[in-house]
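Peer 1: Structure provided below as structure tokens; questions to follow.
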2 protein chains.
Amino acid sequence: MNIHAAVLAGGSGTRFWPAGTLDVPKQMLPLTGGEPLICETVARLRGLVTPERTFVVTGARYADRVRTLLPQLPRDNVLGEPRPRNTAAACALAAHRALRDDADAVMVVLPSDHVIAPDDELRAQLLTACERANAARTLVTLGLTPRFAATGYGWIETGAAAAPGAGGEVRAVTRFTEKPDRETAEAFLAGGGHLWNLGLFAWRADVLLEEIARHQPGVAAPLAAAAPALGTADEPAALAAAFDACTSISIDHGVLEHSTRIECLPCGFEWDDLGAFPALLRHLPTDADGNAAVGPLLALDARGCVAFSEDGDMTALLGVSDLIVVHANGVTLVAPLTRAEDVRRLVAELAARGLERFR
Amino acid sequence: MNIHAAVLAGGSGTRFWPAGTLDVPKQMLPLTGGEPLICETVARLRGLVTPERTFVVTGARYADRVRTLLPQLPRDNVLGEPRPRNTAAACALAAHRALRDDADAVMVVLPSDHVIAPDDELRAQLLTACERANAARTLVTLGLTPRFAATGYGWIETGAAAAPGAGGEVRAVTRFTEKPDRETAEAFLAGGGHLWNLGLFAWRADVLLEEIARHQPGVAAPLAAAAPALGTADEPAALAAAFDACTSISIDHGVLEHSTRIECLPCGFEWDDLGAFPALLRHLPTDADGNAAVGPLLALDARGCVAFSEDGDMTALLGVSDLIVVHANGVTLVAPLTRAEDVRRLVAELAARGLERFR
């Protein structure tokens, strides 16, 4: 069994602006103080997936930057989407690409901008999921033991053990619920039968494409038409046509929620989707006053702040508390940690103020 | 009477760090949102002093930058001090330089980093001071009607009208008091006989040099020895020797406090020495929420902040109040307006933290 990986790096969110911009999205930022998140994601697979079998699906505008960040990957393994078409198309594209080299390709799918630890536990769970997906020809989603009644995530309702005697504890999936209301989320948490959907999957590439064809022909057909051109000089034109025609839908909503071949592997590793700047306080080292920084920090009478600077710049904080202080890409941002979710409102204002060059 | 000007630009303070640094001190910053302060200072003299008769005394390390900022001045008019020796030496140097071209030179002396308005009132007062200084061969200091019981400035006690019937209201000076304590300052303010010393002076160059020779021979002798070399290839070596040997003392403390030829012209124009960042709120345009900025500003639920950015960068403020937010020279600084005076403490910490490259 050869395990391939599809690292999904299509995001271009606004919650880390101005560190994250249209040109350098979140997954390319060193938000835990070390390497860019996408590099850490790929590094986490070491020993499980070779660079030759690791694919990154990203926006065409980011492809060259990804190739620079991940020089160990063959150039062709970075697949640039001509336009965003959500994760069903991205998963289909990666599956076709893997099948070009390996008709029995088994593939793990990972978001590029999350933090998971420890690495070896993740790899062990992915291996278990791959073995099950390969043997049973199912779509296996990793489900995390929930920590709180999250209304912003997807939840997976699990049923009976799917594979008595198989490695791990793979379970049947009875239902997906995306972003439940507060009451529902609390019931899920209390009931104990639900897990968080992390966007971490394992499947045989051919099985995934069968299921996409069954449930999302508007994704399957254009991608299948483009597949023969992958890795040839015709690839850009073929992908342009495919993504023009392709339905835009997530793999969860478009396929997994409808498939009868879906299973779940419960997991317990540390996981964080780094939703916004305050999340950095959980991952960066902090000083004695609870300040965390990417880049040099000089703090005097300052407490609980998150600072981000780039290119060797430094942050100096004097007598302030619980602030986000960022300078990146020509913008200095200052906001209370409690207003982190409103950073997107600033971003939305840029165009109206003639400042879209800072987007 | 030909009026010359000596603009004193030797400062390298820390209160505007990181906008002001060792390489770009306060007087070179556009702190009122327009031109660098030194350019505004020279522009304020238009119609009173020609560029050919305008001299700038600055640190040798700043001389080329000053020449770039003030291209209308002859290169030789920017005098670079090999080392800081306070204002007595700077005034002597400018006087010698002016006398090279004009044995009857009358000179006004101005700090390079203050704001004065309106320009025409300043010029009228300087002209009055020059006429008196030329006619009576005195040292005339401009004294400002005090606004509050300042403990950080010098105060001038004035006596009888010095020149009944002369232009303006030139008065005798009975005493200088530098940085009085609170009680003394309040008595000065209440008494009505005291004015603020702004560092604005007028004198004949030859008279100034006579008084320096009388009261500060340790300044007069080295500068007199260097004078013949000014404007020749020997100037750098001559100045190096002169400034090595020269006493370091202010013109106020070293000469004016001792001279019997000192007079004062009371003035009432608007004046601000821009002591620290909060002063910018008095001079920059503010938005509807009282925020003031050098550089583009995007503010949402932010009030009473001072922002400074450089090189086309922008500042974004969300939900914060009464903060100083600066990004310049590779440093982002955030502090409450009320802690502006403590910025120097941050600067003092830089070396200890191995961050002196940001000084």
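Each chain in the structure tokens gets a letter, A, B and so on, in the order shown; residues start at 1 in every chain, and ligands are counted from 1 in the order they appear.
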Quick check: residues of chain A within 6 Å of chain B, only C-alpha atoms, returned as a list in words.
Peer 2: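 Per the criterion, chain A yields Asp313, Met314, Thr315, Ala316, Leu317, Leu318, Gly319, Gly330, Val331, Thr332, Leu333, Val334 and Ala335 of chain A.
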Peer 1: Could you save the residues just selected, with C-alpha atoms, as a compact mmCIF listing (two decimals), in the first residue's frame?
Peer 2:
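Once written, result.txt looks like this:
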# COMPACT_ATOMS: atom_id res chain seq x y z
CA ASP A 313 11.31 43.74 12.38
CA MET A 314 10.61 44.00 16.12
CA THR A 315 7.62 44.90 18.29
CA ALA A 316 7.90 47.19 21.31
CA LEU A 317 5.03 47.20 23.80
CA LEU A 318 4.79 49.62 26.71
CA GLY A 319 2.02 49.55 29.29
CA GLY A 330 2.90 47.46 4.98
CA VAL A 331 0.13 47.50 7.58
CA THR A 332 0.25 48.00 11.33
CA LEU A 333 -2.82 46.53 13.07
CA VAL A 334 -3.73 47.11 16.71
CA ALA A 335 -6.87 45.63 18.26
Peer 1: Where in segment 150-322 of chain A does DSSP assign strand (DSSP E), given as a VMD selection string?
Peer 2: chain A and resid 154 to 161 171 to 178 194 to 204 262 to 267 270 to 272 292 to 294 297 to 300 306 to 308 314 to 318
Peer 1: Pull N, CA and C atoms from the residues just selected and write them as a compact mmCIF listing (two decimals), in the first residue's frame.
Peer 2:
# COMPACT_ATOMS: atom_id res chain seq x y z
N GLY A 154 -17.82 21.23 12.01
CA GLY A 154 -18.72 20.16 11.64
C GLY A 154 -18.63 19.03 12.66
N TRP A 155 -19.75 18.37 12.92
CA TRP A 155 -19.79 17.27 13.88
C TRP A 155 -20.17 15.98 13.15
N ILE A 156 -19.61 14.87 13.61
CA ILE A 156 -19.86 13.55 13.03
C ILE A 156 -20.55 12.69 14.09
N GLU A 157 -21.73 12.18 13.74
CA GLU A 157 -22.39 11.24 14.65
C GLU A 157 -21.93 9.84 14.29
N THR A 158 -21.35 9.13 15.25
CA THR A 158 -20.83 7.79 14.97
C THR A 158 -21.79 6.74 15.48
N GLY A 159 -21.73 5.59 14.82
CA GLY A 159 -22.59 4.48 15.20
C GLY A 159 -21.76 3.31 15.71
N ALA A 160 -22.15 2.13 15.29
CA ALA A 160 -21.49 0.90 15.76
C ALA A 160 -20.07 0.80 15.22
N ALA A 161 -19.26 0.01 15.89
CA ALA A 161 -17.93 -0.29 15.38
C ALA A 161 -18.08 -0.88 13.98
N ARG A 171 -15.50 3.37 13.11
CA ARG A 171 -16.93 3.29 13.40
C ARG A 171 -17.74 3.71 12.19
N ALA A 172 -18.97 3.29 12.20
CA ALA A 172 -19.90 3.77 11.18
C ALA A 172 -20.22 5.24 11.43
N VAL A 173 -20.59 5.93 10.36
CA VAL A 173 -21.03 7.32 10.49
C VAL A 173 -22.52 7.37 10.21
N THR A 174 -23.26 7.94 11.12
CA THR A 174 -24.71 8.00 10.91
C THR A 174 -25.16 9.36 10.41
N ARG A 175 -24.39 10.41 10.70
CA ARG A 175 -24.81 11.72 10.25
C ARG A 175 -23.69 12.74 10.38
N PHE A 176 -23.65 13.72 9.45
CA PHE A 176 -22.80 14.91 9.57
C PHE A 176 -23.69 16.10 9.91
N THR A 177 -23.23 16.95 10.80
CA THR A 177 -23.95 18.21 11.07
C THR A 177 -22.94 19.35 11.01
N GLU A 178 -23.12 20.25 10.06
CA GLU A 178 -22.19 21.37 9.89
C GLU A 178 -22.66 22.56 10.72
N HIS A 194 -20.75 12.03 19.42
CA HIS A 194 -20.34 12.89 18.32
C HIS A 194 -18.86 13.25 18.40
N LEU A 195 -18.28 13.41 17.24
CA LEU A 195 -16.88 13.82 17.15
C LEU A 195 -16.78 15.03 16.22
N TRP A 196 -15.68 15.78 16.36
CA TRP A 196 -15.44 16.90 15.45
C TRP A 196 -14.88 16.40 14.12
N ASN A 197 -15.37 16.97 13.06
CA ASN A 197 -14.83 16.70 11.73
C ASN A 197 -13.70 17.69 11.44
N LEU A 198 -12.49 17.19 11.26
CA LEU A 198 -11.31 18.05 11.14
C LEU A 198 -10.90 18.30 9.70
N GLY A 199 -11.59 17.65 8.76
CA GLY A 199 -11.13 17.74 7.36
C GLY A 199 -9.93 16.85 7.11
N LEU A 200 -9.76 15.84 7.96
CA LEU A 200 -8.67 14.87 7.78
C LEU A 200 -9.32 13.57 7.30
N PHE A 201 -8.91 13.11 6.12
CA PHE A 201 -9.56 11.95 5.51
C PHE A 201 -8.53 10.96 4.99
N ALA A 202 -8.99 9.72 4.78
CA ALA A 202 -8.17 8.70 4.10
C ALA A 202 -9.09 7.90 3.18
N TRP A 203 -8.61 7.64 1.97
CA TRP A 203 -9.41 6.85 1.02
C TRP A 203 -8.51 6.37 -0.11
N ARG A 204 -8.99 5.34 -0.79
CA ARG A 204 -8.35 4.99 -2.05
C ARG A 204 -8.78 6.04 -3.07
N ILE A 262 -19.03 5.73 4.12
CA ILE A 262 -18.25 6.62 4.97
C ILE A 262 -18.11 6.03 6.37
N GLU A 263 -16.89 6.12 6.90
CA GLU A 263 -16.61 5.63 8.24
C GLU A 263 -15.78 6.68 8.99
N CYS A 264 -15.63 6.44 10.29
CA CYS A 264 -14.92 7.44 11.11
C CYS A 264 -13.95 6.76 12.05
N LEU A 265 -12.74 7.31 12.13
CA LEU A 265 -11.75 6.82 13.10
C LEU A 265 -11.62 7.85 14.22
N PRO A 266 -12.08 7.53 15.42
CA PRO A 266 -11.96 8.48 16.54
C PRO A 266 -10.49 8.71 16.90
N CYS A 267 -10.14 9.96 17.14
CA CYS A 267 -8.76 10.33 17.45
C CYS A 267 -8.73 11.22 18.68
N GLU A 270 -3.74 16.33 19.93
CA GLU A 270 -3.91 17.78 20.07
C GLU A 270 -4.14 18.38 18.70
N TRP A 271 -5.13 19.23 18.60
CA TRP A 271 -5.48 19.81 17.30
C TRP A 271 -5.95 21.25 17.50
N ASP A 272 -5.57 22.12 16.59
CA ASP A 272 -5.99 23.53 16.66
C ASP A 272 -6.05 24.06 15.24
N ALA A 292 3.12 36.85 23.73
CA ALA A 292 3.64 35.91 22.74
C ALA A 292 3.94 36.69 21.47
N ALA A 293 5.03 36.31 20.80
CA ALA A 293 5.40 37.08 19.62
C ALA A 293 6.02 36.21 18.55
N VAL A 294 5.70 36.53 17.30
CA VAL A 294 6.49 36.11 16.16
C VAL A 294 7.39 37.30 15.84
N LEU A 297 10.56 40.78 20.43
CA LEU A 297 9.60 41.56 21.22
C LEU A 297 10.33 42.20 22.39
N LEU A 298 10.10 43.51 22.58
CA LEU A 298 10.56 44.22 23.76
C LEU A 298 9.31 44.72 24.48
N ALA A 299 9.04 44.15 25.65
CA ALA A 299 7.80 44.49 26.36
C ALA A 299 8.13 45.04 27.73
N LEU A 300 7.49 46.15 28.08
CA LEU A 300 7.69 46.80 29.37
C LEU A 300 6.29 47.07 29.94
N VAL A 306 -0.42 39.56 21.86
CA VAL A 306 0.09 38.77 20.74
C VAL A 306 0.70 39.73 19.73
N ALA A 307 1.97 39.54 19.43
CA ALA A 307 2.66 40.41 18.48
C ALA A 307 3.14 39.60 17.29
N PHE A 308 3.09 40.20 16.13
CA PHE A 308 3.58 39.55 14.91
C PHE A 308 4.33 40.58 14.10
N MET A 314 10.93 44.30 14.72
CA MET A 314 10.61 44.00 16.12
C MET A 314 9.35 44.74 16.56
N THR A 315 8.78 44.25 17.66
CA THR A 315 7.62 44.90 18.29
C THR A 315 8.04 45.40 19.66
N ALA A 316 7.63 46.62 19.99
CA ALA A 316 7.90 47.19 21.31
C ALA A 316 6.56 47.55 21.95
N LEU A 317 6.30 46.97 23.11
CA LEU A 317 5.03 47.20 23.80
C LEU A 317 5.32 47.83 25.15
N LEU A 318 4.59 48.89 25.46
CA LEU A 318 4.79 49.62 26.71
C LEU A 318 3.44 49.86 27.36
Peer 1: Write out as a ChimeraX atom specification which residues come within 6 Å of segment 43-53 of chain B when counting only C-alpha atoms, dropping same-chain ones fewer than 6 positions away.
Peer 2: /B:3-4,73,119
Peer 1: Compile the contact shell of Asp273 of chain B as a PDB file with N, CA and C atoms, in the first residue's frame: residues with an atom at most 8 Å away, counting only C-alpha atoms, same-chain residues fewer than 4 positions apart removed.
Peer 2:
ATOM      1  N   ASP B 113      13.469  71.900  15.254  1.00  0.00           N
ATOM      2  CA  ASP B 113      12.424  70.885  15.469  1.00  0.00           C
ATOM      3  C   ASP B 113      11.220  71.414  16.232  1.00  0.00           C
ATOM      4  N   HIS B 114      10.974  72.713  16.134  1.00  0.00           N
ATOM      5  CA  HIS B 114       9.802  73.284  16.795  1.00  0.00           C
ATOM      6  C   HIS B 114       8.777  73.722  15.758  1.00  0.00           C
ATOM      7  N   VAL B 115       7.550  73.933  16.233  1.00  0.00           N
ATOM      8  CA  VAL B 115       6.486  74.448  15.372  1.00  0.00           C
ATOM      9  C   VAL B 115       6.151  75.865  15.834  1.00  0.00           C
TER      10      VAL B 115
END
Peer 1: Tell me, which residues of segment 151-213 of chain A carry DSSP alpha helix (DSSP H), written as a PyMOL selection string?
Peer 2: chain A and resi 182-191+205-213
Peer 1: Got a sec: who's within 8 Å of Pro118 of chain B, counting only C-alpha atoms, leaving out chain neighbours fewer than 3 positions off, as a list in words?
Peer 2: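 In the requested format, the answer is Glu121, Leu122, Phe269 and Glu270 of chain B.
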Peer 1: Which residue is closest to Pro82 of chain A? Choose from A:Ala238, A:Met1, A:Met28, A:Leu208 and count only C-alpha atoms.
Peer 2: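 The shortest atom-to-atom distance to Pro82 of chain A comes from A:Ala238.
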Peer 1: Do you have the atom CA of Leu110 of chain B-atom CA of Gly152 of chain B distance handy?
Peer 2: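 Here the two named atoms are 18.5 Å from each other.
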Peer 1: Considering only C-alpha atoms, return as an NGL selection string whatever protein or nucleic-acid residues lie within 10 Å of Arg75 of chain B, sequence-local ones (same chain, fewer than 5 positions apart) excluded.
Peer 2: :B and (52 or 55 or 63-64 or 66-68 or 70 or 231)
Peer 1: Quote the spacing between atom CA of His215 of chain B and atom CA of Ala89 of chain B in Å to one decimal place.
Peer 2: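 Between these atoms lies a distance of 12.6 Å.
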Peer 1: Given only C-alpha atoms as the basis, pick out the residue of A:Glu183, A:Thr138, A:Asp234, A:Pro217 nearest to Ser259 of chain A.
Peer 2: A:Thr138
Peer 1: From the options B:Val207, B:Pro222, B:Ala117, B:Ala240, which residue's atoms come nearest to Gly59 of chain B, counting only C-alpha atoms?
Peer 2: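 Under the stated criterion, the closest residue is B:Ala240.
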Peer 1: Give me, please, the distance in Å between atom CA of Phe16 of chain A and atom CA of Gly143 of chain A, quoted to one decimal.
Peer 2: 26.2 Å
Peer 1: Residues within 9 Å of Asp181 of chain B, please, as a CSV table (one decimal) with C-alpha atoms, in the first residue's frame. Count only C-alpha atoms; anything in the same chain fewer than 2 positions from it doesn't count.
Peer 2:
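Saved result, out_22.csv, follows:
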chain,number,residue,atom,x,y,z
B,150,ALA,CA,6.4,74.6,32.8
B,151,THR,CA,9.1,72.9,34.8
B,152,GLY,CA,10.9,71.6,31.7
B,179,LYS,CA,13.9,74.1,34.6
B,183,GLU,CA,6.6,76.0,43.1
B,184,THR,CA,9.0,78.4,41.4
B,185,ALA,CA,7.4,77.9,38.0
B,186,GLU,CA,4.0,78.7,39.4
Peer 1: Which residue, B:Leu209, B:Ile116, B:Ala241, B:Cys305, has the smallest gap to Glu40 of chain B when you use only C-alpha atoms?
Peer 2: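 The closest residue to Glu40 of chain B is B:Ile116.
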